[in-house]
Amino acid sequence: MKNPLQELLSKGLVIFDGAIGTEIYRRNFFVNASYEQLNITRPDVISDIHKKYIESGAEVITTNTFNANARRLGKFGIADQTVAINAAGVAVAREAADGKALIAGSAGPVGEPESPADTRTRTELLKQQISGLTDSDFILFESIRTVLDLEAAAEAISFYAPKPYVLSFAADLHASANGCDGGLEACLPLLEKIIDGDYPPTAIGLNCGNGPEATLAELEFLAQKIKLPIIVQPNAGAPRNVDGRMLYMTSDEYFSTYARRYVQLGAAAIGGCCGITPEHIRELVRSVKPLADAEKRQAVTVVTEEEELLPLIDLEKRSKLGAKLAAKKFITTVEITPPRGFDLAKTIAGARLCAEAGVDAVNLPDGPRASARITPLVAALFIEREAGIETIPHCCCRDKSLIGLQAELLGYAGAGIRNLLFITGDPPKLGNYPASTGVFDIDSVGLTQMQYNMNRGFDIGHEKLNAQTGVVIGVGADPNAVDFARECDRVRAKVAAGADFLITQPVFDPEVLFRFMDAIADTNIPVIAGVWPLTSYRNAQFMHDEVPGVTVPDAIMKRMAAAPDRDAQRAEGIAIARESLAAIRDRVAGVQVSAPFGNVNLALEVIR
């Protein structure tokens, strides 16, 4: 049997829809009636909900049949309509999709019998419901909480083999429900048996639960246990008490922020459950899907024969930085963020201070946190010409197409800039221009490969350049990554693509850095460690809460909080950075010290 879900999952991140019940309630249908019966009595309402999700970018829509089994429908006196309601749910979804999305036939838990006279088994009830969902593209068993629910779903679907299906869990890791074994951990042995059997599911899901944050831990657990694609559909969660106010935290941005973390943990598809609206899905499509798809695309490659490629220019001949890397001498760099305007006087002055202090190079971020700043190419050109110090401009995938990226790399080569750091980039939603569209034709792995190809004399179209480039290729890494194994694998991919050195995100715990370096020791890539001198307790809070890839340990937060005033906090931040540098110096190839808020003297105090 054709498996359209499997085909779709193979192409990149798949976007599911959000809640249906929430949207029905928002349209003034109250809970004293069967929402599933609306498939027959008000198909226009259900169709409109499906269309809103499709307009938002959903690639899979779920039928309005979650509670459409005979036991739950019986509470409304319509159990005899079970098959018709399910079939109508598929028909309404199919008409609304109009070929633009797959149809998931939803089947939730059947519930407990209301009286001893009800002897129908879970399997019988699900089997009957599925008979009305057979025209869907696949069956989605949602909100599985117990071993009994999981067993019933597996037994019921076996009557319709080889119909594609997904088993989706809505359970805490260690929960117990209805007096029987419950929770994801308790269900795992049976789930593994089903996956290894003759009729495995296409994917495994996590839906509902306790909101986006709690779902992150469940995904981390599940991703370590199974190898099938994982679909993540959290609900909006419960309100949180914030200074006496009960606030619902799941805004569009909050949801998409966690969605990005799901992608980092390997989620193959993301959508939403109770409380997640078309607006949430629209933001997910805009800010997360392009980045996720870029990371799944293959790196740029050269199809010419190896003998046609030019030999690489020796590392020590490419730049002063390359010479120090080749000689294994300790490297010092300072990161200075280019200005939002075009006046480079302060930036150049800071670079001169670095040159006078004997710093090897100035790092120049490319639109950090999706900010609109002067291009690092121009900043690098002026700094190298007027301050007499090498630069390491960052080159970001977010804002440019493949052609635009190649033009930029050629620009750096023509300007004589010989060190570059390649990053994927923060999504636009993090900056002051959230409506901007991220391009993400490729990610940092592909961009590294592109520059390596140009170092061998060929461009992205496999055309020979009139001269090969001689760039020292740098890449970034996050030792604090949520999915540590994935981050290590990406470092290996970057090294295989041609990276010469690596710069980490700021690390405040040396042991975290050492663990990371041990894990990637097989790559032999020189590691330049990121160090950030905290300027205040508030700055520490911002770094911990708002900057992706940065974790400030509780012990450091307490040290910063204990300092009585801003001057004392700044001094404590410098002391912490110096301690970090002393602890890591013998293990790393160099250090990159950031200049917070453009204050180069703070960075130099750490290095001195």
# chains A, B, ... in the order shown; residues from 1 in each chain; ligands from 1
>>> closest_atom_pairs(of="segment 244-282 of chain A", to="segment 53-57 of chain A", cutoff="7 Å", atoms="only C-alpha atoms", output="Markdown table")
| residue | atom | partner | partner_atom | distance |
| --- | --- | --- | --- | --- |
| A:Pro278 | CA | A:Tyr53 | CA | 5.2 |
| A:Ile281 | CA | A:Ser56 | CA | 6.1 |
| A:Arg282 | CA | A:Ser56 | CA | 4.5 |
>>> write_last_selection(atoms="N, CA, C and O atoms", output="tab-separated table (two decimals), in the first residue's frame")
chain	number	residue	atom	x	y	z
A	278	PRO	N	-4.51	28.22	14.31
A	278	PRO	CA	-3.88	28.49	13.02
A	278	PRO	C	-2.79	29.55	13.09
A	278	PRO	O	-1.82	29.49	12.32
A	281	ILE	N	0.40	27.84	14.02
A	281	ILE	CA	0.93	27.06	12.89
A	281	ILE	C	1.55	27.97	11.85
A	281	ILE	O	2.59	27.66	11.26
A	282	ARG	N	0.93	29.12	11.61
A	282	ARG	CA	1.48	30.07	10.63
A	282	ARG	C	2.88	30.53	11.06
A	282	ARG	O	3.80	30.61	10.23
>>> closest_atom_pairs(of="segment 377-408 of chain A", to="segment 313-330 of chain A", cutoff="10 Å", atoms="only C-alpha atoms", output="CSV")
residue,atom,partner,partner_atom,distance
A:Ile389,CA,A:Lys320,CA,9.7
A:Glu390,CA,A:Lys320,CA,7.6
A:Thr391,CA,A:Leu321,CA,9.2
A:Ile392,CA,A:Leu321,CA,9.2
>>> write_last_selection(atoms="C-alpha atoms", output="PDB file, in the first residue's frame")
ATOM      1  CA  ILE A 389      44.428  43.491  12.420  1.00  0.00           C
ATOM      2  CA  GLU A 390      42.941  40.407  10.743  1.00  0.00           C
ATOM      3  CA  THR A 391      39.215  39.783  10.977  1.00  0.00           C
ATOM      4  CA  ILE A 392      36.989  36.732  11.123  1.00  0.00           C
TER       5      ILE A 392
END
>>> residues_around(residues="Ile103 of chain A", least_positions_apart="2", cutoff="8 Å", atoms="only C-alpha atoms", output="ChimeraX atom specification")
/A:60-63,90,93-94,97,101,105,136-138
>>> closest_residue(among="A:Pro164, A:Gly18, A:Pro234, A:Gly590", to="Ser143 of chain A", atoms="only C-alpha atoms")
A:Pro234
>>> residues_around(residues="Glu142 of chain A", least_positions_apart="3", cutoff="12 Å", atoms="only C-alpha atoms", output="MDAnalysis selection string")
chainID A and resid 62:63 65:67 104:110 126 139 145:146 149:150 153 165:171 204:209 231:234 272:274
>>> write_last_selection(atoms="C-alpha atoms", output="CSV table (one decimal), in the first residue's frame")
chain,number,residue,atom,x,y,z
A,62,THR,CA,-6.5,15.8,11.2
A,63,THR,CA,-10.1,14.6,11.0
A,65,THR,CA,-13.1,12.3,14.9
A,66,PHE,CA,-11.1,12.1,18.1
A,67,ASN,CA,-14.1,11.0,20.2
A,104,ALA,CA,-4.9,11.9,9.2
A,105,GLY,CA,-7.8,9.8,10.5
A,106,SER,CA,-7.9,10.6,14.2
A,107,ALA,CA,-8.8,8.0,16.8
A,108,GLY,CA,-8.6,8.8,20.5
A,109,PRO,CA,-8.9,6.6,23.5
A,110,VAL,CA,-12.3,4.9,23.8
A,126,LEU,CA,-11.4,1.1,17.7
A,139,ILE,CA,-4.7,6.5,10.9
A,145,ARG,CA,-1.9,7.1,27.9
A,146,THR,CA,-1.8,3.5,29.0
A,149,ASP,CA,-4.8,1.8,25.0
A,150,LEU,CA,-1.6,1.0,23.1
A,153,ALA,CA,-4.7,0.4,19.0
A,165,TYR,CA,-0.7,4.4,11.0
A,166,VAL,CA,0.9,6.5,13.8
A,167,LEU,CA,0.9,5.8,17.5
A,168,SER,CA,0.9,9.1,19.4
A,169,PHE,CA,1.3,9.4,23.2
A,170,ALA,CA,-0.1,11.9,25.6
A,171,ALA,CA,1.5,10.8,28.8
A,204,ILE,CA,5.6,7.7,16.7
A,205,GLY,CA,3.9,10.8,18.1
A,206,LEU,CA,3.8,12.9,21.2
A,207,ASN,CA,0.6,15.0,21.5
A,208,CYS,CA,-1.3,17.0,24.2
A,209,GLY,CA,0.7,16.4,27.4
A,231,ILE,CA,5.8,13.8,15.4
A,232,VAL,CA,5.4,16.4,18.1
A,233,GLN,CA,2.1,18.1,18.8
A,234,PRO,CA,2.0,19.7,22.2
A,272,GLY,CA,-0.2,21.3,17.9
A,273,CYS,CA,-3.0,20.0,20.1
A,274,CYS,CA,-5.5,21.6,22.5
>>> select_by_dssp(residues="segment 4-239 of chain A", states="strand (DSSP E)", output="JSON, numbers by chain")
{"A": [14, 15, 60, 61, 62, 102, 103, 104, 105, 106, 107, 138, 139, 140, 141, 142, 143, 144, 165, 166, 167, 168, 169, 176, 177, 180, 181, 203, 204, 205, 206, 207, 208, 230, 231, 232, 233, 234]}
>>> write_last_selection(atoms="N, CA and C atoms", output="mmCIF file, in the first residue's frame")
data_model
loop_
_atom_site.group_PDB
_atom_site.id
_atom_site.type_symbol
_atom_site.label_atom_id
_atom_site.label_comp_id
_atom_site.auth_asym_id
_atom_site.auth_seq_id
_atom_site.Cartn_x
_atom_site.Cartn_y
_atom_site.Cartn_z
ATOM 1 N N VAL A 14 7.774 18.227 8.428
ATOM 2 C CA VAL A 14 6.362 18.226 8.045
ATOM 3 C C VAL A 14 5.559 19.002 9.086
ATOM 4 N N ILE A 15 4.636 19.831 8.622
ATOM 5 C CA ILE A 15 3.828 20.646 9.512
ATOM 6 C C ILE A 15 2.420 20.055 9.617
ATOM 7 N N VAL A 60 -0.500 18.471 6.869
ATOM 8 C CA VAL A 60 -1.335 17.351 7.315
ATOM 9 C C VAL A 60 -2.463 17.932 8.157
ATOM 10 N N ILE A 61 -3.705 17.586 7.837
ATOM 11 C CA ILE A 61 -4.826 17.988 8.669
ATOM 12 C C ILE A 61 -5.479 16.744 9.258
ATOM 13 N N THR A 62 -6.003 16.898 10.455
ATOM 14 C CA THR A 62 -6.525 15.782 11.241
ATOM 15 C C THR A 62 -8.047 15.815 11.240
ATOM 16 N N LEU A 102 -2.225 16.109 3.439
ATOM 17 C CA LEU A 102 -2.628 14.732 3.742
ATOM 18 C C LEU A 102 -3.709 14.739 4.806
ATOM 19 N N ILE A 103 -4.463 13.643 4.867
ATOM 20 C CA ILE A 103 -5.558 13.515 5.823
ATOM 21 C C ILE A 103 -5.196 12.445 6.840
ATOM 22 N N ALA A 104 -5.146 12.843 8.119
ATOM 23 C CA ALA A 104 -4.904 11.905 9.216
ATOM 24 C C ALA A 104 -6.239 11.553 9.855
ATOM 25 N N GLY A 105 -6.593 10.272 9.845
ATOM 26 C CA GLY A 105 -7.823 9.824 10.477
ATOM 27 C C GLY A 105 -7.622 9.677 11.972
ATOM 28 N N SER A 106 -8.178 10.591 12.759
ATOM 29 C CA SER A 106 -7.923 10.648 14.198
ATOM 30 C C SER A 106 -8.779 9.648 14.966
ATOM 31 N N ALA A 107 -8.131 8.918 15.882
ATOM 32 C CA ALA A 107 -8.828 8.002 16.787
ATOM 33 C C ALA A 107 -8.231 8.164 18.176
ATOM 34 N N PHE A 138 -3.732 8.077 6.460
ATOM 35 C CA PHE A 138 -3.199 7.209 7.517
ATOM 36 C C PHE A 138 -4.048 7.396 8.766
ATOM 37 N N ILE A 139 -3.954 6.420 9.671
ATOM 38 C CA ILE A 139 -4.688 6.489 10.933
ATOM 39 C C ILE A 139 -3.764 7.056 11.998
ATOM 40 N N LEU A 140 -4.259 8.027 12.747
ATOM 41 C CA LEU A 140 -3.502 8.654 13.825
ATOM 42 C C LEU A 140 -4.165 8.323 15.161
ATOM 43 N N PHE A 141 -3.575 7.386 15.899
ATOM 44 C CA PHE A 141 -4.055 7.064 17.246
ATOM 45 C C PHE A 141 -3.491 8.120 18.187
ATOM 46 N N GLU A 142 -4.362 8.966 18.719
ATOM 47 C CA GLU A 142 -3.910 10.099 19.523
ATOM 48 C C GLU A 142 -4.111 9.859 21.016
ATOM 49 N N SER A 143 -3.298 10.563 21.808
ATOM 50 C CA SER A 143 -3.457 10.635 23.263
ATOM 51 C C SER A 143 -3.437 9.277 23.951
ATOM 52 N N ILE A 144 -2.569 8.386 23.493
ATOM 53 C CA ILE A 144 -2.393 7.098 24.161
ATOM 54 C C ILE A 144 -1.737 7.345 25.514
ATOM 55 N N TYR A 165 -0.136 3.919 9.757
ATOM 56 C CA TYR A 165 -0.683 4.430 11.011
ATOM 57 C C TYR A 165 0.426 5.024 11.873
ATOM 58 N N VAL A 166 0.008 5.861 12.836
ATOM 59 C CA VAL A 166 0.915 6.512 13.779
ATOM 60 C C VAL A 166 0.375 6.276 15.186
ATOM 61 N N LEU A 167 1.264 5.977 16.112
ATOM 62 C CA LEU A 167 0.911 5.836 17.521
ATOM 63 C C LEU A 167 1.415 7.066 18.257
ATOM 64 N N SER A 168 0.499 7.877 18.795
ATOM 65 C CA SER A 168 0.881 9.135 19.432
ATOM 66 C C SER A 168 0.507 9.118 20.911
ATOM 67 N N PHE A 169 1.471 9.479 21.762
ATOM 68 C CA PHE A 169 1.311 9.368 23.208
ATOM 69 C C PHE A 169 1.075 10.726 23.847
ATOM 70 N N SER A 176 0.715 7.301 35.907
ATOM 71 C CA SER A 176 -0.105 6.101 36.069
ATOM 72 C C SER A 176 -1.548 6.521 35.875
ATOM 73 N N ALA A 177 -2.312 5.727 35.156
ATOM 74 C CA ALA A 177 -3.686 6.134 34.848
ATOM 75 C C ALA A 177 -4.639 4.956 34.942
ATOM 76 N N CYS A 180 -3.972 1.143 35.916
ATOM 77 C CA CYS A 180 -3.122 0.230 35.152
ATOM 78 C C CYS A 180 -1.855 0.963 34.753
ATOM 79 N N ASP A 181 -0.930 0.239 34.213
ATOM 80 C CA ASP A 181 0.337 0.854 33.849
ATOM 81 C C ASP A 181 0.105 1.979 32.851
ATOM 82 N N ALA A 203 5.341 6.229 12.050
ATOM 83 C CA ALA A 203 5.981 7.196 12.940
ATOM 84 C C ALA A 203 5.390 7.047 14.332
ATOM 85 N N ILE A 204 6.056 7.658 15.290
ATOM 86 C CA ILE A 204 5.573 7.721 16.662
ATOM 87 C C ILE A 204 5.319 9.189 16.990
ATOM 88 N N GLY A 205 4.271 9.443 17.765
ATOM 89 C CA GLY A 205 3.924 10.817 18.072
ATOM 90 C C GLY A 205 3.898 11.122 19.559
ATOM 91 N N LEU A 206 3.996 12.418 19.864
ATOM 92 C CA LEU A 206 3.772 12.948 21.205
ATOM 93 C C LEU A 206 2.756 14.075 21.057
ATOM 94 N N ASN A 207 1.594 13.940 21.680
ATOM 95 C CA ASN A 207 0.603 15.006 21.546
ATOM 96 C C ASN A 207 0.002 15.341 22.906
ATOM 97 N N CYS A 208 -0.588 16.510 22.981
ATOM 98 C CA CYS A 208 -1.262 17.024 24.165
ATOM 99 C C CYS A 208 -0.266 17.198 25.309
ATOM 100 N N ILE A 230 9.549 10.991 14.562
ATOM 101 C CA ILE A 230 8.723 11.408 15.700
ATOM 102 C C ILE A 230 7.951 12.670 15.333
ATOM 103 N N ILE A 231 6.655 12.625 15.597
ATOM 104 C CA ILE A 231 5.755 13.752 15.357
ATOM 105 C C ILE A 231 5.424 14.389 16.703
ATOM 106 N N VAL A 232 5.622 15.699 16.842
ATOM 107 C CA VAL A 232 5.422 16.384 18.112
ATOM 108 C C VAL A 232 4.280 17.382 17.979
ATOM 109 N N GLN A 233 3.252 17.221 18.824
ATOM 110 C CA GLN A 233 2.079 18.100 18.793
ATOM 111 C C GLN A 233 1.661 18.464 20.216
ATOM 112 N N PRO A 234 2.376 19.386 20.863
ATOM 113 C CA PRO A 234 2.037 19.743 22.241
ATOM 114 C C PRO A 234 0.767 20.584 22.301
#
>>> closest_residue(among="A:Ile576, A:Met454, A:Ala268, A:Ala223", to="Glu7 of chain A", atoms="only C-alpha atoms")
A:Ala268
>>> closest_residue(among="A:Val593, A:Ile46, A:Met450, A:Leu38", to="Asp360 of chain A", atoms="only C-alpha atoms")
A:Val593
>>> residues_around(residues="Asp554 of chain A", least_positions_apart="4", cutoff="12 Å", atoms="only C-alpha atoms", output="PyMOL selection string")
chain A and resi 508-509+537+540-541+544+558-561
>>> residues_around(residues="Asn86 of chain A", least_positions_apart="4", cutoff="9 Å", atoms="only C-alpha atoms", output="list of chain:residue names")
A:Glu36, A:Asn39, A:Thr63, A:Asn64, A:Thr65, A:Ala68, A:Asn69, A:Gln81, A:Thr82, A:Val90, A:Ala91, A:Gly105, A:Ser106, A:Gln129, A:Ile130, A:Ser131, A:Gly132, A:Leu133
>>> closest_residue(among="A:Glu23, A:Glu192, A:Glu283, A:Glu95", to="Pro43 of chain A", atoms="only C-alpha atoms")
A:Glu95
>>> atom_distance(atom1="atom CA of Pro510 of chain A", atom2="atom CA of Cys488 of chain A")
17.2 Å
>>> closest_residue(among="A:Leu184, A:Ala259, A:Val378, A:Ile423", to="Gly411 of chain A", atoms="only C-alpha atoms")
A:Val378
>>> atom_distance(atom1="atom CA of Val288 of chain A", atom2="atom CA of Glu253 of chain A")
10.5 Å
>>> select_by_dssp(residues="segment 258-498 of chain A", states="helix (DSSP H, G or I)", output="MDAnalysis selection string")
chainID A and resid 258:264 278:287 289:296 306:308 315:318 320:326 345:356 368:370 376:386 402:415 428:430 444:455 484:497
>>> write_last_selection(atoms="C-alpha atoms", output="JSON list (two decimals), in the first residue's frame")
[["chain", "number", "residue", "atom", "x", "y", "z"],
["A", 258, "TYR", "CA", 10.15, 25.26, 21.50],
["A", 259, "ALA", "CA", 9.42, 23.93, 18.03],
["A", 260, "ARG", "CA", 12.95, 24.85, 17.01],
["A", 261, "ARG", "CA", 14.22, 22.85, 19.98],
["A", 262, "TYR", "CA", 12.10, 19.90, 18.86],
["A", 263, "VAL", "CA", 13.81, 20.09, 15.48],
["A", 264, "GLN", "CA", 17.20, 20.13, 17.20],
["A", 278, "PRO", "CA", -3.88, 28.49, 13.02],
["A", 279, "GLU", "CA", -1.87, 31.53, 14.13],
["A", 280, "HIS", "CA", 0.58, 29.26, 15.97],
["A", 281, "ILE", "CA", 0.93, 27.06, 12.89],
["A", 282, "ARG", "CA", 1.48, 30.07, 10.63],
["A", 283, "GLU", "CA", 4.37, 31.24, 12.83],
["A", 284, "LEU", "CA", 5.78, 27.70, 12.88],
["A", 285, "VAL", "CA", 5.77, 27.60, 9.08],
["A", 286, "ARG", "CA", 7.33, 31.04, 8.78],
["A", 287, "SER", "CA", 10.08, 30.85, 11.36],
["A", 289, "LYS", "CA", 10.31, 25.18, 8.75],
["A", 290, "PRO", "CA", 12.79, 27.02, 6.46],
["A", 291, "LEU", "CA", 15.60, 26.56, 8.97],
["A", 292, "ALA", "CA", 14.76, 22.90, 9.56],
["A", 293, "ASP", "CA", 14.56, 22.14, 5.87],
["A", 294, "ALA", "CA", 17.91, 23.83, 5.24],
["A", 295, "GLU", "CA", 19.58, 21.54, 7.76],
["A", 296, "LYS", "CA", 18.13, 18.48, 6.03],
["A", 306, "GLU", "CA", 39.10, 14.89, -8.24],
["A", 307, "GLU", "CA", 42.07, 15.39, -10.56],
["A", 308, "GLU", "CA", 40.43, 18.56, -11.94],
["A", 315, "LEU", "CA", 46.87, 26.55, 5.81],
["A", 316, "GLU", "CA", 49.88, 28.55, 7.01],
["A", 317, "LYS", "CA", 49.95, 30.49, 3.72],
["A", 318, "ARG", "CA", 46.30, 31.56, 3.74],
["A", 320, "LYS", "CA", 48.19, 34.93, 9.86],
["A", 321, "LEU", "CA", 45.43, 33.10, 11.73],
["A", 322, "GLY", "CA", 45.98, 30.06, 9.51],
["A", 323, "ALA", "CA", 49.71, 30.17, 10.26],
["A", 324, "LYS", "CA", 49.08, 30.17, 14.02],
["A", 325, "LEU", "CA", 46.59, 27.30, 13.67],
["A", 326, "ALA", "CA", 49.13, 25.31, 11.64],
["A", 345, "ALA", "CA", 34.52, 54.86, 13.78],
["A", 346, "LYS", "CA", 33.86, 53.20, 17.16],
["A", 347, "THR", "CA", 34.24, 49.72, 15.69],
["A", 348, "ILE", "CA", 37.58, 50.59, 14.09],
["A", 349, "ALA", "CA", 38.78, 52.23, 17.30],
["A", 350, "GLY", "CA", 37.97, 49.07, 19.22],
["A", 351, "ALA", "CA", 39.82, 46.99, 16.65],
["A", 352, "ARG", "CA", 42.89, 49.24, 17.05],
["A", 353, "LEU", "CA", 42.85, 48.58, 20.80],
["A", 354, "CYS", "CA", 42.82, 44.85, 20.04],
["A", 355, "ALA", "CA", 45.75, 45.21, 17.65],
["A", 356, "GLU", "CA", 47.74, 47.20, 20.22],
["A", 368, "PRO", "CA", 23.28, 38.42, 15.54],
["A", 369, "ARG", "CA", 19.80, 37.62, 16.88],
["A", 370, "ALA", "CA", 18.44, 38.57, 13.45],
["A", 376, "PRO", "CA", 30.55, 42.27, 8.07],
["A", 377, "LEU", "CA", 32.23, 42.43, 4.66],
["A", 378, "VAL", "CA", 32.41, 46.23, 4.80],
["A", 379, "ALA", "CA", 33.33, 46.26, 8.49],
["A", 380, "ALA", "CA", 36.12, 43.71, 7.88],
["A", 381, "LEU", "CA", 37.51, 45.64, 4.94],
["A", 382, "PHE", "CA", 37.77, 48.91, 6.91],
["A", 383, "ILE", "CA", 39.16, 47.23, 10.04],
["A", 384, "GLU", "CA", 41.91, 45.35, 8.22],
["A", 385, "ARG", "CA", 42.84, 48.44, 6.23],
["A", 386, "GLU", "CA", 42.69, 51.03, 9.04],
["A", 402, "LEU", "CA", 22.77, 30.24, -2.90],
["A", 403, "ILE", "CA", 23.64, 32.76, -5.60],
["A", 404, "GLY", "CA", 23.76, 35.60, -3.08],
["A", 405, "LEU", "CA", 25.98, 33.57, -0.77],
["A", 406, "GLN", "CA", 28.43, 32.80, -3.58],
["A", 407, "ALA", "CA", 28.52, 36.48, -4.52],
["A", 408, "GLU", "CA", 29.35, 37.33, -0.91],
["A", 409, "LEU", "CA", 32.14, 34.74, -0.73],
["A", 410, "LEU", "CA", 33.61, 36.10, -3.96],
["A", 411, "GLY", "CA", 33.38, 39.57, -2.45],
["A", 412, "TYR", "CA", 35.40, 38.49, 0.59],
["A", 413, "ALA", "CA", 38.00, 36.89, -1.70],
["A", 414, "GLY", "CA", 38.24, 40.02, -3.82],
["A", 415, "ALA", "CA", 38.60, 42.19, -0.72],
["A", 428, "PRO", "CA", 14.07, 36.39, 11.86],
["A", 429, "LYS", "CA", 11.51, 36.19, 14.67],
["A", 430, "LEU", "CA", 14.28, 36.80, 17.23],
["A", 444, "SER", "CA", 26.25, 26.06, 7.68],
["A", 445, "VAL", "CA", 27.36, 22.58, 6.59],
["A", 446, "GLY", "CA", 26.45, 23.34, 2.98],
["A", 447, "LEU", "CA", 28.02, 26.79, 3.18],
["A", 448, "THR", "CA", 31.24, 25.28, 4.50],
["A", 449, "GLN", "CA", 31.26, 22.87, 1.57],
["A", 450, "MET", "CA", 30.66, 25.77, -0.83],
["A", 451, "GLN", "CA", 33.69, 27.68, 0.45],
["A", 452, "TYR", "CA", 35.82, 24.50, 0.41],
["A", 453, "ASN", "CA", 34.88, 23.97, -3.25],
["A", 454, "MET", "CA", 35.91, 27.54, -4.01],
["A", 455, "ASN", "CA", 39.20, 26.90, -2.21],
["A", 484, "PHE", "CA", 24.26, 16.78, 22.37],
["A", 485, "ALA", "CA", 24.76, 13.80, 20.04],
["A", 486, "ARG", "CA", 23.23, 15.68, 17.12],
["A", 487, "GLU", "CA", 25.49, 18.67, 17.73],
["A", 488, "CYS", "CA", 28.55, 16.42, 17.74],
["A", 489, "ASP", "CA", 27.40, 14.79, 14.50],
["A", 490, "ARG", "CA", 26.98, 18.22, 12.92],
["A", 491, "VAL", "CA", 30.53, 19.14, 13.92],
["A", 492, "ARG", "CA", 31.74, 15.98, 12.18],
["A", 493, "ALA", "CA", 29.72, 16.96, 9.09],
["A", 494, "LYS", "CA", 31.29, 20.43, 9.10],
["A", 495, "VAL", "CA", 34.78, 18.98, 9.41],
["A", 496, "ALA", "CA", 34.06, 16.56, 6.56],
["A", 497, "ALA", "CA", 32.85, 19.54, 4.50]]
>>> decode(residues="segment 45-50 of chain A", atoms="all heavy atoms", output="JSON list (two decimals), in the first residue's frame")
[["chain", "number", "residue", "atom", "x", "y", "z"],
["A", 45, "VAL", "N", -18.66, 24.29, 9.10],
["A", 45, "VAL", "CA", -17.84, 24.77, 10.21],
["A", 45, "VAL", "C", -16.53, 24.00, 10.27],
["A", 45, "VAL", "O", -15.44, 24.59, 10.39],
["A", 45, "VAL", "CB", -18.60, 24.61, 11.55],
["A", 45, "VAL", "CG1", -17.67, 24.92, 12.73],
["A", 45, "VAL", "CG2", -19.82, 25.52, 11.58],
["A", 46, "ILE", "N", -16.61, 22.69, 10.17],
["A", 46, "ILE", "CA", -15.40, 21.86, 10.23],
["A", 46, "ILE", "C", -14.51, 22.13, 9.01],
["A", 46, "ILE", "O", -13.29, 22.23, 9.13],
["A", 46, "ILE", "CB", -15.78, 20.37, 10.30],
["A", 46, "ILE", "CG1", -16.76, 20.12, 11.45],
["A", 46, "ILE", "CG2", -14.54, 19.51, 10.44],
["A", 46, "ILE", "CD1", -16.27, 20.59, 12.80],
["A", 47, "SER", "N", -15.11, 22.29, 7.86],
["A", 47, "SER", "CA", -14.35, 22.59, 6.65],
["A", 47, "SER", "C", -13.60, 23.90, 6.79],
["A", 47, "SER", "O", -12.43, 24.02, 6.38],
["A", 47, "SER", "CB", -15.28, 22.65, 5.44],
["A", 47, "SER", "OG", -14.57, 22.98, 4.26],
["A", 48, "ASP", "N", -14.24, 24.91, 7.37],
["A", 48, "ASP", "CA", -13.60, 26.21, 7.55],
["A", 48, "ASP", "C", -12.38, 26.09, 8.46],
["A", 48, "ASP", "O", -11.34, 26.73, 8.20],
["A", 48, "ASP", "CB", -14.60, 27.20, 8.15],
["A", 48, "ASP", "CG", -13.99, 28.58, 8.35],
["A", 48, "ASP", "OD1", -13.63, 29.22, 7.35],
["A", 48, "ASP", "OD2", -13.87, 29.00, 9.51],
["A", 49, "ILE", "N", -12.47, 25.28, 9.51],
["A", 49, "ILE", "CA", -11.32, 25.08, 10.42],
["A", 49, "ILE", "C", -10.17, 24.44, 9.66],
["A", 49, "ILE", "O", -9.01, 24.87, 9.76],
["A", 49, "ILE", "CB", -11.74, 24.22, 11.63],
["A", 49, "ILE", "CG1", -12.74, 24.99, 12.50],
["A", 49, "ILE", "CG2", -10.51, 23.81, 12.45],
["A", 49, "ILE", "CD1", -13.38, 24.16, 13.59],
["A", 50, "HIS", "N", -10.47, 23.39, 8.91],
["A", 50, "HIS", "CA", -9.43, 22.73, 8.12],
["A", 50, "HIS", "C", -8.77, 23.72, 7.15],
["A", 50, "HIS", "O", -7.54, 23.75, 7.01],
["A", 50, "HIS", "CB", -10.01, 21.56, 7.33],
["A", 50, "HIS", "CG", -10.43, 20.39, 8.16],
["A", 50, "HIS", "ND1", -9.71, 19.94, 9.24],
["A", 50, "HIS", "CD2", -11.50, 19.55, 8.03],
["A", 50, "HIS", "CE1", -10.31, 18.88, 9.76],
["A", 50, "HIS", "NE2", -11.40, 18.62, 9.05]]
